[in-house]
Structure formats: structure tokens, C-alpha cells
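Heads up: the structure comes next, in C-alpha cells.
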Amino acid sequence: MSSNISLSRYLVEQQRSKGHIPADLRLLLEVVARACKSISHAVNKGALGGVLGSAESENVQGEVQKKLDIIANEVLLEANEWGGHLAAMASEEMDSIYLVPNRYPQGEYLLLFDPLDGSSNIDVNVSIGTIFSVLKKPEGNQGVTEQDFLQPGKQQVAAGYCIYGPQTTLVLTVGDGVAMFTLDREQGSFVLTQENVQVPADTKEFAINMSNMRHWADPVRKYIDECLQGKEGPRGKDFNMRWIASMVADVHRILTRGGVFMYPWDKREPHKAGKLRLMYEANPMSWLIEQAGGAATNGHTRILDLKPGQLHERVSVVLGSRNEVERITQYHAQI
Ligand code: AHG
Ligand code: MN
Ligand code: MN
Ligand code: MN
């Protein structure tokens with residue numbers, strides 16, 4: 001059932017009655033949502049819009065870029081650069097930070113994004129998304145440097161994602177729990193469809209790319225091995241497995257019905273720290289999960305406490321239902 005509360009009204013209430021966000025952050029989030037709407041339209045057109053397939057370029061992560069990775073990045077940059085709320089942006093698809101051009105007013109926020117998450121699913125019509133995170137520019141500095149972005153995730157002031165699936169859903173936190181907004185295509189607006197999202201503490205469902213099993217570290221092997229033993233094993237219950245290969249879709253499922261998601265460090269080179277990016281993927285998703293009562297660690301430490309050493313840093317990720325994340329983290333301490 002839809003609530004008749006639009007994203008705009010939700011944000012106004014967060015500003016006015018709850019005092020959680022200042023007006024310029026509210027306006028910035030409106031712009032991010034508008035950009036996501038536009039990316040959603042491009043995704044929906046698919047082959048009709050000529051947006052499928054690869055481009056002839058690689059990003060700084062060493063990945064071949066898909067056309068939609070580049071389109072989504074452009075849409076986000078163009079939508080956000082002129083509004084006056086931002087000082088700079090950073091993206092999975094750009095080598096270095098993007099300064100708001102001098103011809104526009106400079107704001108006090110920094111926006112980070114994974115413009116298109118789940119690139120390998122674009123051409124096969126499986127859910128993909130946009131992940132974003134907002135930080136405040138440190139005070140007192142003139143101009144912006146990469147250093148200003150290197151803040152731990154606990155300093156985020158807003159974070160969320162927009163999933164382009166059977167429905168387009170925007171999921172947001174400004175530190176007051178997690179709210180979900182479904183895009184009403186006739187109205188052209190995001191409508192609040194769930195508030196106060198909660199991840200159950202226990203689960204019988206895990207998400208991991210099992211094809212990497214031979215590369216895993218021992219604590220991860222032990223955890224998954226116990227899950228696979230089912231009722232007869234030490235866990236005394238059967239587990240189900242899901243792996244969509246779009247973090248947005250896996251996290252969306254966990255926010256909806258619980259579960260644990262892992263992309264752990266493994267022995268493959270060169271991604272010694274894991275595959276996922278701390279600042280564009282792990283931080284925003286970890287904050288959402290924590291705001292919904294779940295937990296997120298890198299196997300040892302709370303992800304939101306990690307101080308990034310560089311913009312494109314990668315990290316091991318274990319997130320979701322609290323008791324499972326705690327168990328996996330304990331295994332890392334023991335083994
Ligand atoms: P991206 O498409 O933004 O590069 O991110 C893909 C990530 C993440 O969404 C997903 O969980 C993971 O890569 C899937 O990796 P595998 O293909 O190794 O399973
Ligand atoms: Mn990528
Ligand atoms: Mn991604
Ligand atoms: Mn991406």
C-alpha cells in the first residue's frame with residue numbers, strides 16, 4: 001500500500017520536525033533522486049535506447065566499462081554539479097575526484113557514488129543499481145583535495161541506493177532509520193513504501209560467490225561449511241543460498257527479509273583487501289544495514305570505523321543479520 005508521502009515530503013519532515021538534515025542536504029538528496037530517476041529510464045529502455053554492451057575503456061579499478069557505467073556516471077555528475085550544495089564528487093568510474101566547476105556556487109558536501117552497481121547484470125536484464133554516500137567537507141579548508149574524502153564511514157551524513165529491478169526503489173538513511181521509496185512512474189515521483197526497515201538478527205540464508213571457495217581464508221570456509229551441513233551439522237538448521245552478483249540486489253533482499261552477505265578477502269591477486277570498494281559500496285551499505293539493526297564488519301573491525309587510506313580502497317565485507325555477522329567475526333578472531 002502506498003502512503004502518499006513523497007520523498008520530498010519525507011525529506012522536508014526530516015529537516016523541519018526532526019532536525020536531522022539541513023536544507024542544503026535535503027536539496028542535494030532531491031537531486032541525487034532525480035538523477036536516479038533518469039538512470040532508471042535509461043536502464044528500462046535497454047537495447048531500445050542503445051545503452052547495453054561494453055564501451056571501449058577501462059576504469060581505474062581495471063574493469064572494462066559498460067556503456068551504462070559511463071552514462072550513469074555522466075548523469076550523476078551533470079545533475080549534481082550546478083546545484084550549489086556540493087564541493088566535489090568521487091566515483092568508482094573516475095580516476096580522481098571531480099571538483100565542482102568554478103562557474104557554479106560551491107557547497108559544503110562531498111558526494112561519492114558507484115553509478116552502476118552490478119555491471120555484469122546489465123546485459124542480462126537482472127537488477128542493478130546506484131549506490132551513494134554523502135560526507136561533509138572538513139571545515140576550514142580552502143578548496144577540496146582527495147584527503148578531504150578520506151573520512152571513516154561513521155561520518156556519513158546520508159547514504160543510500162536506488163535499485164533498478166522489477167520496481168525502481170530508492171533506499172535511504174540520514175541517520176534516522178532506513179526508509180524505502182518506490183518510483184511511481186505515472187506521477188514521476190518516489191513514494192514512501194516502507195519506513196523503519198529492520199533486518200532480523202537471525203537468518204537461514206547466506207550470499208557469497210561460491211566459485212571462489214578454493215581461495216577463501218579458513219574462517220570463511222568454516223562458516224560456510226557449517227551452513228552447508230544443514231540440520232545435521234553444528235548449526236542445527238538448513239541454510240538457503242542466494243547470489244545475484246549485484247550488491248544492491250543482495251543487500252536489498254537482506255534489508256527485506258534478512259540474510260548475510262559476504263565478499264571476503266581471498267587469496268587471489270591483486271585484490272588482497274577484497275573486491276568491493278570501501279567508499280562507494282561498503283560504507284553506504286554498512287550504514288544502511290546498521291540503521292536497520294544489522295551489523296557490518298570486514299571480518300575483524302566494524303566497517304564504519306575504518307579510516308580510508310585512499311579513494312578507491314577495497315575491503316572485505318561481511319554484513320547483514322547481526323548474530324551471523326558476529327559469528328563470522330568471532331571465527332576470524334579465533335582461527
Ligand atoms: P560493480 O558492478 O559496481 O563493479 O560491482 C560489482 C560487485 C558487486 O555488485 C557484486 O556483489 C560483486 O561485484 C559481484 O562479483 P562477482 O562477479 O565476483 O561475483
Ligand atoms: Mn565496476
Ligand atoms: Mn558496485
Ligand atoms: Mn559500479
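If you're wondering about the labels, chains in the C-alpha cells are A, B, ... by order shown, residues count from 1 in each chain, ligands from 1 in order shown.
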
- Message: List as a PyMOL selection string the protein and nucleic acid residues lying within 7 Å of ligand 1, with only C-alpha atoms and all ligand atoms counted.
- Response: chain A and resi 114+116-120+209+245-248+275-276

Keeping only C-alpha atoms, write the selected residues as a tab-separated table (two decimals), in the first residue's frame.
```
chain	number	residue	atom	x	y	z
A	114	ASP	CA	29.01	3.72	-7.53
A	116	LEU	CA	26.02	1.50	-11.73
A	117	ASP	CA	26.40	-1.44	-9.38
A	118	GLY	CA	26.14	-4.93	-10.84
A	119	SER	CA	27.65	-4.18	-14.26
A	120	SER	CA	27.79	-7.87	-15.15
A	209	ASN	CA	30.17	-16.28	-4.61
A	245	ALA	CA	26.14	-10.55	-8.20
A	246	SER	CA	24.68	-7.07	-7.80
A	247	MET	CA	25.45	-5.90	-4.28
A	248	VAL	CA	22.39	-3.61	-4.39
A	275	LYS	CA	36.80	-6.86	-4.19
A	276	LEU	CA	34.31	-4.27	-3.03
```

- Task: List all protein, DNA and RNA residues that have any atom at most 12 Å from ligand 2, counting only C-alpha atoms and all ligand atoms, and write the list as JSON, numbers by chain.
- Result: {"A": [54, 57, 58, 59, 60, 61, 62, 63, 64, 65, 66, 67, 68, 69, 70, 72, 73, 91, 92, 93, 94, 113, 114, 115, 116, 117, 118, 119, 120, 121, 122, 128, 129, 130, 131, 245, 246, 247, 275, 276, 277, 280, 281, 312]}

- Counting only C-alpha atoms and all ligand atoms, the option among A:Gly299, A:Gly233, A:Pro105, A:Pro284 closest to ligand 3: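 Closest to ligand 3, using only C-alpha atoms and all ligand atoms: A:Pro284.
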
- Enumerate, as an MDAnalysis selection string, the complete set of residues in region 71-313 of chain A that a backbone-based DSSP assignment places in alpha helix (DSSP H). chainID A and resid 71:81 146:149 218:228 247:257 283:291

- Which of these, A:Arg221, A:Lys204, A:Arg214, A:Arg302, has the shortest distance to Arg242 (chain A) once you count only C-alpha atoms?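 That would be A:Lys204, the residue with the smallest distance to Arg242 (chain A).
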
- Task: Do a neighbour search on Glu81 (chain A) at 10 Å with only C-alpha atoms, toss out local chain neighbours closer than 5 positions, and write the hits as an MDAnalysis selection string.
- Result: chainID A and resid 31 76 86:89 98:101 103:107

Writing out the chosen residues with C-alpha atoms as a short mmCIF file (atom, residue, chain, number, x, y, z; two decimals), in the first residue's frame:
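Result file selection_22.cif:
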```cif
data_model
loop_
_atom_site.label_atom_id
_atom_site.label_comp_id
_atom_site.auth_asym_id
_atom_site.auth_seq_id
_atom_site.Cartn_x
_atom_site.Cartn_y
_atom_site.Cartn_z
CA VAL A 31 18.95 16.00 -6.95
CA LEU A 76 25.08 11.94 -11.74
CA LEU A 86 28.44 20.24 -3.37
CA ALA A 87 32.15 20.94 -3.30
CA ALA A 88 33.27 17.79 -5.13
CA MET A 89 32.33 14.27 -6.18
CA TYR A 98 35.70 15.80 -9.63
CA LEU A 99 35.68 19.40 -8.43
CA VAL A 100 32.53 21.43 -8.93
CA PRO A 101 33.45 23.87 -11.73
CA ARG A 103 31.21 28.80 -12.66
CA TYR A 104 28.86 27.23 -10.10
CA PRO A 105 28.49 28.08 -6.42
CA GLN A 106 30.44 25.80 -4.07
CA GLY A 107 28.63 23.89 -1.36
#
```

Which polymer residues have any atom within 8 Å of an atom of Ile254 (chain A), counting only C-alpha atoms, with same-chain residues fewer than 6 positions away left out, as a compact mmCIF listing (two decimals) with N, CA and C atoms, in the first residue's frame?
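around09.txt, freshly written:
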```
# COMPACT_ATOMS: atom_id res chain seq x y z
N VAL A 199 16.31 -5.47 9.91
CA VAL A 199 16.90 -6.75 9.49
C VAL A 199 16.82 -7.70 10.68
N VAL A 260 22.78 -12.96 5.30
CA VAL A 260 24.13 -12.46 5.48
C VAL A 260 24.82 -12.45 4.12
N PHE A 261 25.54 -11.35 3.85
CA PHE A 261 26.24 -11.15 2.58
C PHE A 261 27.72 -11.09 2.86
N GLY A 320 24.87 -7.91 7.36
CA GLY A 320 23.51 -8.44 7.39
C GLY A 320 23.04 -8.74 8.79
N SER A 321 22.35 -9.88 8.94
CA SER A 321 21.75 -10.26 10.22
C SER A 321 22.82 -10.30 11.31
```

- With only C-alpha atoms and all ligand atoms as the atoms that count, which of A:Lys37, A:Leu112, A:Asp24, A:Asn196 lies nearest to ligand 4? A:Leu112

Once you count only C-alpha atoms, what closest atom pair and distance in Å to one decimal does each residue of region 20-123 of chain A within 12 Å of region 171-186 of chain A have, with rows by chain and rising residue number, as CSV?
```
residue,atom,partner,partner_atom,distance
A:His20,CA,A:Val174,CA,7.1
A:Ile21,CA,A:Val174,CA,7.3
A:Pro22,CA,A:Val174,CA,10.8
A:Leu25,CA,A:Val174,CA,9.6
A:Arg26,CA,A:Val174,CA,9.7
A:Leu29,CA,A:Leu172,CA,9.4
A:Glu30,CA,A:Leu172,CA,11.5
A:Val32,CA,A:Leu172,CA,11.1
A:Ala33,CA,A:Leu183,CA,9.9
A:Arg34,CA,A:Leu183,CA,10.7
A:Cys36,CA,A:Leu183,CA,10.0
A:Lys37,CA,A:Leu183,CA,7.9
A:Ser38,CA,A:Leu183,CA,11.3
A:Ser40,CA,A:Leu183,CA,9.4
A:His41,CA,A:Arg185,CA,9.6
A:Asn44,CA,A:Arg185,CA,11.6
```

Could you save the residues just selected, with N, CA and C atoms, as an mmCIF file, in the first residue's frame?
```
data_model
loop_
_atom_site.group_PDB
_atom_site.id
_atom_site.type_symbol
_atom_site.label_atom_id
_atom_site.label_comp_id
_atom_site.auth_asym_id
_atom_site.auth_seq_id
_atom_site.Cartn_x
_atom_site.Cartn_y
_atom_site.Cartn_z
ATOM 1 N N HIS A 20 16.987 16.485 11.484
ATOM 2 C CA HIS A 20 18.102 15.605 11.139
ATOM 3 C C HIS A 20 18.990 16.124 10.037
ATOM 4 N N ILE A 21 18.385 16.884 9.116
ATOM 5 C CA ILE A 21 19.185 17.342 7.976
ATOM 6 C C ILE A 21 18.947 18.823 7.707
ATOM 7 N N PRO A 22 19.984 19.544 7.350
ATOM 8 C CA PRO A 22 19.798 20.928 6.945
ATOM 9 C C PRO A 22 19.202 21.012 5.534
ATOM 10 N N LEU A 25 21.290 19.844 2.452
ATOM 11 C CA LEU A 25 21.432 18.384 2.301
ATOM 12 C C LEU A 25 20.138 17.797 1.727
ATOM 13 N N ARG A 26 19.016 18.336 2.168
ATOM 14 C CA ARG A 26 17.724 17.882 1.624
ATOM 15 C C ARG A 26 17.680 18.110 0.110
ATOM 16 N N LEU A 29 19.890 15.706 -1.787
ATOM 17 C CA LEU A 29 19.315 14.360 -1.909
ATOM 18 C C LEU A 29 18.200 14.331 -2.956
ATOM 19 N N GLU A 30 17.480 15.425 -3.070
ATOM 20 C CA GLU A 30 16.455 15.528 -4.132
ATOM 21 C C GLU A 30 17.106 15.406 -5.510
ATOM 22 N N VAL A 32 20.021 13.940 -6.220
ATOM 23 C CA VAL A 32 20.501 12.560 -6.404
ATOM 24 C C VAL A 32 19.328 11.671 -6.843
ATOM 25 N N ALA A 33 18.175 11.845 -6.200
ATOM 26 C CA ALA A 33 16.996 11.036 -6.546
ATOM 27 C C ALA A 33 16.562 11.311 -7.992
ATOM 28 N N ARG A 34 16.637 12.555 -8.394
ATOM 29 C CA ARG A 34 16.253 12.911 -9.779
ATOM 30 C C ARG A 34 17.211 12.242 -10.773
ATOM 31 N N CYS A 36 18.800 9.467 -10.276
ATOM 32 C CA CYS A 36 18.478 8.029 -10.264
ATOM 33 C C CYS A 36 17.251 7.752 -11.129
ATOM 34 N N LYS A 37 16.295 8.665 -11.101
ATOM 35 C CA LYS A 37 15.101 8.504 -11.933
ATOM 36 C C LYS A 37 15.499 8.472 -13.400
ATOM 37 N N SER A 38 16.390 9.356 -13.738
ATOM 38 C CA SER A 38 16.838 9.433 -15.120
ATOM 39 C C SER A 38 17.640 8.177 -15.513
ATOM 40 N N SER A 40 17.194 5.264 -14.185
ATOM 41 C CA SER A 40 16.168 4.218 -14.247
ATOM 42 C C SER A 40 15.511 4.186 -15.632
ATOM 43 N N HIS A 41 15.242 5.374 -16.195
ATOM 44 C CA HIS A 41 14.634 5.420 -17.539
ATOM 45 C C HIS A 41 15.580 4.835 -18.581
ATOM 46 N N ASN A 44 15.660 1.077 -18.210
ATOM 47 C CA ASN A 44 14.408 0.482 -18.722
ATOM 48 C C ASN A 44 14.376 0.370 -20.235
#
```

- If you run DSSP on the backbone, which residues of region 71-253 of chain A are strand (DSSP E or B), as a PyMOL selection string? chain A and resi 86-91+98-99+109-117+128-136+158-164+168-173+179-184+189-194+205-207+216+240-241

- Query: Hey, which of A:Val43, A:Val197, A:Ile208, A:Ile328 ends up closest to Ser127 (chain A)? Count only C-alpha atoms.
  - Reply: A:Val43

- Of the candidates A:Cys227, A:Leu27, A:Ile71, A:Ala207, which shows the shortest atom-to-atom distance to ligand 4, using only C-alpha atoms and all ligand atoms? A:Ile71

- Message: I'd like the neighbourhood of Asp305 (chain A) as an MDAnalysis selection string, where a residue qualifies if any of its atoms comes within 9 Å (using only C-alpha atoms), though same-chain residues fewer than 2 positions away should be ignored.
- Response: chainID A and resid 152:154 301:303 307

Excluding Gln334 (chain A) and its own-chain neighbours fewer than 3 positions away, which residues fall within 12 Å of it when counting only C-alpha atoms? Please give them as a PDB file with N, CA and C atoms, in the first residue's frame.
```pdb
ATOM      1  N   ASP A 218      40.461 -19.456   6.058  1.00  0.00           N
ATOM      2  CA  ASP A 218      39.858 -20.514   6.874  1.00  0.00           C
ATOM      3  C   ASP A 218      38.566 -20.125   7.613  1.00  0.00           C
ATOM      4  N   PRO A 219      38.487 -18.922   8.213  1.00  0.00           N
ATOM      5  CA  PRO A 219      37.246 -18.605   8.953  1.00  0.00           C
ATOM      6  C   PRO A 219      36.008 -18.609   8.035  1.00  0.00           C
ATOM      7  N   VAL A 220      36.178 -18.160   6.802  1.00  0.00           N
ATOM      8  CA  VAL A 220      35.054 -18.123   5.858  1.00  0.00           C
ATOM      9  C   VAL A 220      34.671 -19.544   5.465  1.00  0.00           C
ATOM     10  N   LYS A 222      35.116 -22.247   7.220  1.00  0.00           N
ATOM     11  CA  LYS A 222      34.464 -22.896   8.372  1.00  0.00           C
ATOM     12  C   LYS A 222      32.995 -22.477   8.458  1.00  0.00           C
ATOM     13  N   GLY A 299      35.362  -8.607   8.852  1.00  0.00           N
ATOM     14  CA  GLY A 299      35.824  -9.880   9.426  1.00  0.00           C
ATOM     15  C   GLY A 299      36.465  -9.624  10.781  1.00  0.00           C
ATOM     16  N   HIS A 300      36.959  -8.410  10.972  1.00  0.00           N
ATOM     17  CA  HIS A 300      37.647  -8.075  12.219  1.00  0.00           C
ATOM     18  C   HIS A 300      37.057  -6.822  12.860  1.00  0.00           C
ATOM     19  N   ARG A 327      29.017 -14.021  14.511  1.00  0.00           N
ATOM     20  CA  ARG A 327      29.614 -15.368  14.469  1.00  0.00           C
ATOM     21  C   ARG A 327      30.817 -15.391  13.510  1.00  0.00           C
ATOM     22  N   ILE A 328      30.631 -14.838  12.325  1.00  0.00           N
ATOM     23  CA  ILE A 328      31.721 -14.855  11.328  1.00  0.00           C
ATOM     24  C   ILE A 328      32.911 -14.028  11.836  1.00  0.00           C
ATOM     25  N   THR A 329      32.613 -12.931  12.497  1.00  0.00           N
ATOM     26  CA  THR A 329      33.676 -12.071  13.024  1.00  0.00           C
ATOM     27  C   THR A 329      34.432 -12.808  14.146  1.00  0.00           C
ATOM     28  N   GLN A 330      33.685 -13.552  14.968  1.00  0.00           N
ATOM     29  CA  GLN A 330      34.355 -14.360  16.015  1.00  0.00           C
ATOM     30  C   GLN A 330      35.263 -15.413  15.403  1.00  0.00           C
ATOM     31  N   TYR A 331      34.811 -16.060  14.337  1.00  0.00           N
ATOM     32  CA  TYR A 331      35.643 -17.082  13.675  1.00  0.00           C
ATOM     33  C   TYR A 331      36.965 -16.454  13.198  1.00  0.00           C
TER      34      TYR A 331
END
```

- Query: So, counting only C-alpha atoms and all ligand atoms, which residue among A:Asn283, A:Thr297, A:Asn323, A:Gln194 is closest to ligand 3?
  - Reply: A:Asn283

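Omitting Leu228 (chain A) and its sequence neighbours fewer than 2 positions away, and counting only C-alpha atoms, the residues within 9 Å are Tyr223, Ile224, Asp225, Glu226, Gly230, Gly233, Asp238, Phe239 and Asn240 of chain A.
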
- Query: At what distance in Å, to one decimal, does CA of Ser133 (chain A) lie from CA of Ala158 (chain A)?
  - Reply: 6.0 Å
